[in-house]
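As stored in my_file-v1.cif (mmCIF, C-alpha atoms):
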data_entry
loop_
_atom_site.label_atom_id
_atom_site.label_comp_id
_atom_site.auth_asym_id
_atom_site.auth_seq_id
_atom_site.Cartn_x
_atom_site.Cartn_y
_atom_site.Cartn_z
CA MET A 139 -28.33 -48.72 -33.45
CA ASP A 140 -28.61 -50.85 -30.30
CA PHE A 141 -27.25 -49.86 -26.89
CA GLY A 142 -24.12 -52.01 -27.31
CA GLY A 143 -23.30 -50.36 -30.63
CA LEU A 144 -23.81 -46.93 -29.12
CA GLY A 145 -21.37 -47.82 -26.35
CA PHE A 146 -18.66 -48.68 -28.90
CA VAL A 147 -19.32 -45.43 -30.80
CA ILE A 148 -18.93 -43.47 -27.55
CA ALA A 149 -15.73 -45.41 -26.75
CA GLY A 150 -14.33 -44.52 -30.17
CA LEU A 151 -15.34 -40.88 -29.65
CA VAL A 152 -13.61 -40.66 -26.25
CA VAL A 153 -10.41 -42.41 -27.36
CA GLY A 154 -10.28 -40.39 -30.58
CA PHE A 155 -10.71 -37.19 -28.58
CA ILE A 156 -7.84 -38.11 -26.21
CA VAL A 157 -5.59 -39.10 -29.12
CA GLY A 158 -6.38 -35.83 -30.87
CA MET A 159 -5.48 -33.81 -27.76
CA THR A 160 -2.38 -35.71 -26.62
CA GLY A 161 -1.15 -37.71 -29.62
CA VAL A 162 -0.95 -40.86 -27.49
CA GLY A 163 -3.24 -43.37 -25.89
CA GLY A 164 -4.97 -44.99 -28.89
CA GLY A 165 -4.19 -48.68 -28.43
CA SER A 166 -3.31 -48.18 -24.78
CA LEU A 167 -6.89 -47.13 -24.04
CA MET A 168 -8.90 -48.86 -26.76
CA THR A 169 -7.86 -52.45 -26.02
CA PRO A 170 -8.61 -52.22 -22.26
CA ILE A 171 -11.96 -50.59 -23.10
CA LEU A 172 -12.82 -53.48 -25.42
CA LEU A 173 -11.92 -55.92 -22.63
CA TRP A 174 -14.23 -53.97 -20.29
CA PHE A 175 -17.03 -54.39 -22.86
CA GLY A 176 -16.54 -58.15 -22.64
CA ILE A 177 -14.62 -58.68 -25.89
CA ASN A 178 -12.13 -61.53 -25.42
CA PRO A 179 -8.45 -60.44 -25.38
CA ALA A 180 -7.51 -61.94 -28.75
CA ALA A 181 -10.47 -60.32 -30.55
CA ALA A 182 -9.83 -57.02 -28.74
CA VAL A 183 -6.22 -56.96 -29.96
CA GLY A 184 -7.14 -57.91 -33.54
CA THR A 185 -9.94 -55.34 -33.74
CA ASP A 186 -7.77 -52.57 -32.29
CA LEU A 187 -4.93 -53.34 -34.72
CA LEU A 188 -7.08 -52.78 -37.82
CA TYR A 189 -8.69 -49.78 -36.12
CA ALA A 190 -5.20 -48.30 -35.65
CA ALA A 191 -4.15 -49.06 -39.25
CA ILE A 192 -7.20 -47.24 -40.66
CA THR A 193 -7.08 -44.22 -38.34
CA LYS A 194 -3.31 -43.73 -38.67
CA ALA A 195 -3.40 -43.94 -42.47
CA GLY A 196 -4.92 -40.46 -42.51
CA GLY A 197 -2.09 -39.27 -40.29
CA VAL A 198 0.48 -40.55 -42.79
CA PHE A 199 -1.15 -38.48 -45.55
CA VAL A 200 -0.95 -35.30 -43.46
CA HIS A 201 2.63 -35.92 -42.29
CA GLN A 202 3.83 -36.76 -45.79
CA ARG A 203 2.24 -33.57 -47.15
CA ASN A 204 4.20 -31.66 -44.49
CA ARG A 205 7.36 -33.69 -45.22
CA ASN A 206 7.53 -35.02 -41.68
CA ILE A 207 8.44 -38.63 -42.57
CA ASP A 208 11.92 -40.14 -42.89
CA TRP A 209 11.14 -43.06 -45.20
CA THR A 210 14.63 -44.55 -44.82
CA VAL A 211 14.17 -44.95 -41.05
CA THR A 212 10.62 -46.19 -41.65
CA GLY A 213 12.01 -48.86 -43.98
CA TRP A 214 14.59 -50.07 -41.43
CA LEU A 215 11.90 -50.25 -38.74
CA ALA A 216 9.59 -52.22 -41.02
CA ALA A 217 12.46 -54.57 -41.92
CA GLY A 218 12.41 -55.68 -38.29
CA SER A 219 8.76 -55.26 -37.34
CA VAL A 220 6.94 -56.97 -40.22
CA PRO A 221 8.92 -60.27 -40.03
CA ALA A 222 8.62 -60.17 -36.22
CA SER A 223 4.86 -59.68 -36.57
CA LEU A 224 4.54 -62.63 -38.94
CA LEU A 225 6.60 -64.85 -36.61
CA THR A 226 4.45 -63.80 -33.63
CA LEU A 227 1.28 -64.65 -35.56
CA LEU A 228 2.79 -68.03 -36.48
CA ALA A 229 3.65 -68.66 -32.82
CA LEU A 230 0.06 -67.85 -31.81
CA THR A 231 -1.19 -70.28 -34.46
CA LEU A 232 1.08 -73.08 -33.22
CA MET A 233 0.57 -72.31 -29.54
CA PRO A 234 -0.56 -75.48 -27.72
CA GLY A 235 -3.74 -75.43 -25.66
CA ASP A 236 -7.13 -73.85 -26.21
CA GLN A 237 -8.19 -70.27 -26.88
CA HIS A 238 -8.36 -69.66 -23.13
CA ALA A 239 -4.58 -70.11 -22.86
CA THR A 240 -3.99 -67.68 -25.74
CA ASN A 241 -6.30 -65.11 -24.16
CA ALA A 242 -4.53 -65.46 -20.80
CA LEU A 243 -1.13 -64.90 -22.46
CA ILE A 244 -2.37 -61.82 -24.33
CA LYS A 245 -4.03 -60.40 -21.20
CA ASN A 246 -0.82 -60.69 -19.12
CA ALA A 247 1.29 -59.26 -21.96
CA LEU A 248 -1.18 -56.38 -22.24
CA GLY A 249 -0.65 -55.52 -18.59
CA ILE A 250 3.14 -55.50 -18.88
CA VAL A 251 3.20 -53.38 -22.06
CA LEU A 252 0.70 -50.94 -20.53
CA LEU A 253 3.02 -50.47 -17.55
CA LEU A 254 5.96 -49.85 -19.91
CA THR A 255 3.87 -47.41 -21.97
CA ALA A 256 2.77 -45.52 -18.85
CA THR A 257 6.41 -45.21 -17.75
CA ALA A 258 7.42 -43.91 -21.19
CA ILE A 259 4.61 -41.32 -21.13
CA LEU A 260 5.41 -40.24 -17.57
CA PHE A 261 9.15 -39.79 -18.16
CA LYS A 262 9.04 -38.78 -21.84
CA LYS A 263 10.37 -35.26 -21.27
CA GLN A 264 13.26 -36.51 -19.10
CA LEU A 265 14.20 -39.16 -21.70
CA PHE A 266 14.07 -36.62 -24.52
CA ALA A 267 16.17 -34.16 -22.48
CA PHE A 268 18.79 -36.85 -21.79
CA ALA A 269 19.06 -37.75 -25.48
CA SER A 270 19.29 -34.09 -26.49
CA ARG A 271 22.04 -33.37 -23.94
CA HIS A 272 24.20 -36.21 -25.20
CA ALA A 273 23.44 -35.90 -28.92
CA GLY A 274 26.75 -34.20 -29.68
CA ASP A 275 29.16 -35.74 -27.18
CA GLY A 276 29.74 -39.20 -28.54
CA PHE A 277 26.26 -40.51 -27.80
CA HIS A 278 25.90 -41.78 -31.37
CA PHE A 279 26.46 -44.92 -33.47
CA SER A 280 28.07 -45.71 -36.79
CA PRO A 281 25.57 -45.84 -39.71
CA ALA A 282 25.73 -49.64 -39.91
CA ARG A 283 25.18 -50.09 -36.17
CA LEU A 284 22.41 -47.47 -36.16
CA ASN A 285 20.59 -49.29 -38.97
CA GLY A 286 20.99 -52.58 -37.11
CA LEU A 287 19.63 -51.10 -33.88
CA THR A 288 16.69 -49.59 -35.79
CA VAL A 289 15.84 -53.02 -37.20
CA LEU A 290 16.10 -54.46 -33.67
CA VAL A 291 13.77 -51.78 -32.29
CA GLY A 292 11.36 -52.57 -35.12
CA ALA A 293 11.47 -56.28 -34.27
CA VAL A 294 10.69 -55.62 -30.59
CA LEU A 295 7.83 -53.32 -31.57
CA GLY A 296 6.54 -55.88 -34.06
CA PHE A 297 6.37 -58.55 -31.36
CA MET A 298 4.74 -56.28 -28.77
CA VAL A 299 2.23 -54.69 -31.13
CA THR A 300 1.15 -58.00 -32.68
CA LEU A 301 0.67 -59.61 -29.27
CA THR A 302 -0.98 -56.67 -27.51
CA SER A 303 -1.80 -53.95 -30.14
CA ILE A 304 0.12 -51.52 -27.88
CA GLY A 305 3.61 -50.00 -28.08
CA ALA A 306 3.91 -48.42 -31.52
CA GLY A 307 3.11 -44.93 -30.22
CA ALA A 308 4.71 -43.94 -26.92
CA LEU A 309 7.35 -46.68 -26.73
CA GLY A 310 8.24 -46.47 -30.42
CA THR A 311 8.64 -42.70 -30.36
CA VAL A 312 10.85 -42.76 -27.26
CA ALA A 313 13.03 -45.55 -28.71
CA LEU A 314 13.44 -43.63 -31.97
CA PHE A 315 14.38 -40.43 -30.18
CA LEU A 316 17.09 -42.24 -28.22
CA LEU A 317 18.51 -43.55 -31.51
CA TYR A 318 18.01 -40.31 -33.49
CA PRO A 319 18.27 -37.45 -30.95
CA LEU A 320 18.99 -34.87 -33.67
CA MET A 321 15.81 -35.66 -35.61
CA ALA A 322 13.07 -33.02 -35.24
CA THR A 323 10.21 -34.17 -33.03
CA ARG A 324 7.59 -33.66 -35.75
CA ARG A 325 9.63 -35.88 -38.11
CA LEU A 326 10.06 -38.43 -35.35
CA VAL A 327 6.31 -38.63 -34.78
CA GLY A 328 5.56 -38.73 -38.51
CA THR A 329 8.09 -41.51 -39.06
CA GLU A 330 6.65 -43.62 -36.26
CA ILE A 331 3.10 -43.16 -37.57
CA ALA A 332 4.24 -44.13 -41.08
CA HIS A 333 5.84 -47.26 -39.65
CA ALA A 334 2.80 -48.11 -37.52
CA VAL A 335 0.44 -48.35 -40.52
CA PRO A 336 2.03 -51.36 -42.30
CA LEU A 337 2.79 -53.01 -38.95
CA THR A 338 -0.76 -52.74 -37.59
CA LEU A 339 -2.21 -53.66 -40.99
CA VAL A 340 -0.14 -56.86 -41.27
CA ALA A 341 -0.78 -57.77 -37.63
CA GLY A 342 -4.49 -56.90 -37.86
CA LEU A 343 -5.06 -58.93 -41.02
CA GLY A 344 -3.13 -61.80 -39.45
CA HIS A 345 -5.41 -61.73 -36.40
CA ALA A 346 -8.41 -61.54 -38.72
CA GLY A 347 -7.18 -64.71 -40.42
CA LEU A 348 -7.03 -66.36 -36.99
CA GLY A 349 -10.62 -65.28 -36.31
CA ASN A 350 -9.56 -62.63 -33.78
CA LEU A 351 -11.59 -59.74 -35.16
CA ASP A 352 -15.07 -58.27 -34.73
CA TRP A 353 -15.94 -56.32 -37.89
CA GLY A 354 -19.11 -54.85 -36.41
CA VAL A 355 -17.28 -53.44 -33.40
CA LEU A 356 -14.58 -52.05 -35.71
CA GLY A 357 -17.22 -50.13 -37.68
CA TYR A 358 -18.76 -48.64 -34.53
CA LEU A 359 -15.34 -47.57 -33.20
CA LEU A 360 -14.46 -45.81 -36.45
CA LEU A 361 -17.84 -44.08 -36.48
CA GLY A 362 -17.01 -42.47 -33.12
CA SER A 363 -13.26 -41.98 -33.38
CA LEU A 364 -13.08 -39.95 -36.58
CA PRO A 365 -15.09 -36.98 -35.21
CA GLY A 366 -13.39 -37.49 -31.83
CA ILE A 367 -9.93 -37.04 -33.34
CA PHE A 368 -11.16 -33.98 -35.25
CA PHE A 369 -12.50 -32.19 -32.16
CA GLY A 370 -9.61 -33.31 -29.94
CA SER A 371 -7.07 -31.96 -32.43
CA HIS A 372 -8.72 -28.55 -32.35
CA LEU A 373 -8.48 -28.46 -28.55
CA SER A 374 -4.89 -29.66 -28.49
CA GLY A 375 -2.72 -27.32 -26.44
CA ARG A 376 -5.59 -25.73 -24.54
CA VAL A 377 -5.16 -28.15 -21.65
CA SER A 378 -1.65 -28.29 -20.17
CA ASP A 379 0.42 -31.29 -21.24
CA ASN A 380 1.77 -31.35 -17.68
CA VAL A 381 -1.75 -32.28 -16.52
CA LEU A 382 -2.84 -34.61 -19.32
CA ARG A 383 0.21 -36.87 -19.54
CA PRO A 384 0.54 -37.69 -15.81
CA PHE A 385 -3.21 -38.35 -15.65
CA LEU A 386 -3.03 -40.67 -18.67
CA ALA A 387 0.11 -42.41 -17.34
CA ILE A 388 -1.43 -43.08 -13.91
CA MET A 389 -4.60 -44.44 -15.51
CA LEU A 390 -2.60 -46.80 -17.73
CA MET A 391 -0.51 -47.95 -14.77
CA VAL A 392 -3.65 -48.89 -12.82
CA ILE A 393 -5.12 -50.77 -15.80
CA GLY A 394 -1.79 -52.46 -16.56
CA TYR A 395 -1.30 -53.59 -12.97
CA LYS A 396 -4.80 -55.12 -12.85
CA LEU A 397 -4.26 -56.98 -16.14
CA ALA A 398 -0.74 -58.23 -15.34
CA PHE A 399 -1.29 -59.16 -11.70
#
Written as structure tokens, that's how I'd like the structure from this file.
Amino acid sequence: MDFGGLGFVIAGLVVGFIVGMTGVGGGSLMTPILLWFGINPAAAVGTDLLYAAITKAGGVFVHQRNRNIDWTVTGWLAAGSVPASLLTLLALTLMPGDQHATNALIKNALGIVLLLTATAILFKKQLFAFASRHAGDGFHFSPARLNGLTVLVGAVLGFMVTLTSIGAGALGTVALFLLYPLMATRRLVGTEIAHAVPLTLVAGLGHAGLGNLDWGVLGYLLLGSLPGIFFGSHLSGRVSDNVLRPFLAIMLMVIGYKLAF
């Protein structure tokens, strides 16, 4: 294994470890790391999308075994996200200009979504508390409107994730909790992971079809991330969430600001 390959393995190990400990930060950290390694933005997004689809597939198996997935909500999300992903891929295909223009668009979008993700991570507890307080006092929708809003959330996530590979985790979970404040957190997380797999798979394969994928880098990342997630999961809870989340949010804000501006 050459030095470059070792660097990607270490990157996968570190990101996997952080994801295992905190449950967030996969795409938010991996795509900027790939950019730092010199991978162009489009290839970084495409590689991270398939990386996410493969790593999260194992999470779906575990959550389904523990009955932590609401497949009806997952279906409504996918009804919005998958078509939105396909339309975003089509727009990237038809986008005028050269690859440089596409990379510039993706880089700026990355910065904006990272800032939104950092905000969601930083204020997650406050947002969850707000939704919980108002869950029983009229802060709810009719079934038809709730389904429609779920499809809309899925469409927004589909666009963001396909363009930047970021948003399915922190932003998706917060959006779902605001729509379904009475749903148990473990089911909320399991449902979002179940939805993220088909979305990232469709988007990742679409980017691969556009040539925005590095299969070698993907292999190195998986080689490091799988043991990283294992060890990080075993240490989860030993470091205070009140320390980890603000640290992660501030780091993402700095990266997002540099990419967007």
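Selecting by distance to (0.9, -39.3, -39.9) with a limit of 10 Å and using only C-alpha atoms, one obtains Thr193, Lys194, Ala195, Gly196, Gly197, Val198, Phe199, Val200, His201, Gln202, Arg203, Asn204, Asn206, Ile207, Arg324, Arg325, Val327, Gly328, Thr329, Glu330, Ile331, Ala332, His333, Ala334 and Val335 of chain A.
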Those residues you just picked out, can you put them in a file as an mmCIF file, keeping the file's coordinate frame with C-alpha atoms?
data_model
loop_
_atom_site.group_PDB
_atom_site.id
_atom_site.type_symbol
_atom_site.label_atom_id
_atom_site.label_comp_id
_atom_site.auth_asym_id
_atom_site.auth_seq_id
_atom_site.Cartn_x
_atom_site.Cartn_y
_atom_site.Cartn_z
ATOM 1 C CA THR A 193 -7.080 -44.220 -38.340
ATOM 2 C CA LYS A 194 -3.310 -43.730 -38.670
ATOM 3 C CA ALA A 195 -3.400 -43.940 -42.470
ATOM 4 C CA GLY A 196 -4.920 -40.460 -42.510
ATOM 5 C CA GLY A 197 -2.090 -39.270 -40.290
ATOM 6 C CA VAL A 198 0.480 -40.550 -42.790
ATOM 7 C CA PHE A 199 -1.150 -38.480 -45.550
ATOM 8 C CA VAL A 200 -0.950 -35.300 -43.460
ATOM 9 C CA HIS A 201 2.630 -35.920 -42.290
ATOM 10 C CA GLN A 202 3.830 -36.760 -45.790
ATOM 11 C CA ARG A 203 2.240 -33.570 -47.150
ATOM 12 C CA ASN A 204 4.200 -31.660 -44.490
ATOM 13 C CA ASN A 206 7.530 -35.020 -41.680
ATOM 14 C CA ILE A 207 8.440 -38.630 -42.570
ATOM 15 C CA ARG A 324 7.590 -33.660 -35.750
ATOM 16 C CA ARG A 325 9.630 -35.880 -38.110
ATOM 17 C CA VAL A 327 6.310 -38.630 -34.780
ATOM 18 C CA GLY A 328 5.560 -38.730 -38.510
ATOM 19 C CA THR A 329 8.090 -41.510 -39.060
ATOM 20 C CA GLU A 330 6.650 -43.620 -36.260
ATOM 21 C CA ILE A 331 3.100 -43.160 -37.570
ATOM 22 C CA ALA A 332 4.240 -44.130 -41.080
ATOM 23 C CA HIS A 333 5.840 -47.260 -39.650
ATOM 24 C CA ALA A 334 2.800 -48.110 -37.520
ATOM 25 C CA VAL A 335 0.440 -48.350 -40.520
#
- Go through the shown structure with the PyMOL selection byres ((chain A and resi 254) around 10) and write out the matching residues as a count of residues only. 19
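Picture a line from atom CA of Leu317 of chain A to atom CA of Ile367 of chain A; it runs 29.2 Å.
Taking atom CA of Gly342 of chain A and atom CA of Ser303 of chain A as the two end points, the separation is 8.7 Å.
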- Figure out the distance between atom CA of Gly143 of chain A and atom CA of Tyr358 of chain A, please, to one decimal in Å. 6.2 Å
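When the PyMOL selection byres ((chain A and resi 175) around 12) is evaluated on the file shown here, the picked residues come out as Phe141, Gly142, Gly143, Leu144, Gly145, Phe146, Ala149, Met168, Thr169, Pro170, Ile171, Leu172, Leu173, Trp174, Gly176, Ile177, Asn178, Pro179, Ala181, Ala182 and Val355 of chain A.
Look at Gly310 of chain A: the protein and nucleic acid residues within 9 Å of it, using all atoms listed in the file and passing over chain neighbours fewer than 4 places away, are Val291, Gly292, Leu295, Gly305, Ala306, Leu314, Phe315 and Glu330 of chain A.
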- Query: For the file shown, what are the residues hit by the PyMOL selection byres ((chain A and resi 336-340) around 7), laid out as a list in words?
  - Reply: Leu187, Leu188, Ala190, Ala191, Ser219, Val220, Gly296, His333, Ala334, Val335, Ala341, Gly342, Leu343 and Gly344 of chain A
Axis-aligned box over every listed atom of segment 239-258 of chain A, padded by 8 Å per side: centre and edges in Å to one decimal, as JSON?
{"center_x": 0.6, "center_y": -57.0, "center_z": -21.6, "size_x": 29.7, "size_y": 42.2, "size_z": 24.2}
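Nearest-residue note for Leu151 of chain A: choosing from A:Leu364, A:Ala229, A:Ile304, A:Ala267, the minimum distance belongs to A:Leu364, counting all atoms listed in the file.
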- Message: Just checking: using all atoms listed in the file, which residue out of A:Leu227, A:Leu348, A:Ala247, A:Ala222 ends up closest to Phe399 of chain A?
- Response: A:Ala247
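Nearest-residue note for Leu287 of chain A: choosing from A:Gly184, A:Gly218, A:Gly357, A:Pro384, the minimum distance belongs to A:Gly218, counting only C-alpha atoms.
Among the candidates A:Thr212, A:Thr300, A:Asn246, A:Ser270, the residue lying nearest to Leu228 of chain A is A:Thr300 (atoms considered: all atoms listed in the file).
Of the listed residues (A:Pro234, A:Pro281, A:Gly150, A:Gly349), A:Pro281 comes nearest to Val211 of chain A; the distances count only C-alpha atoms.
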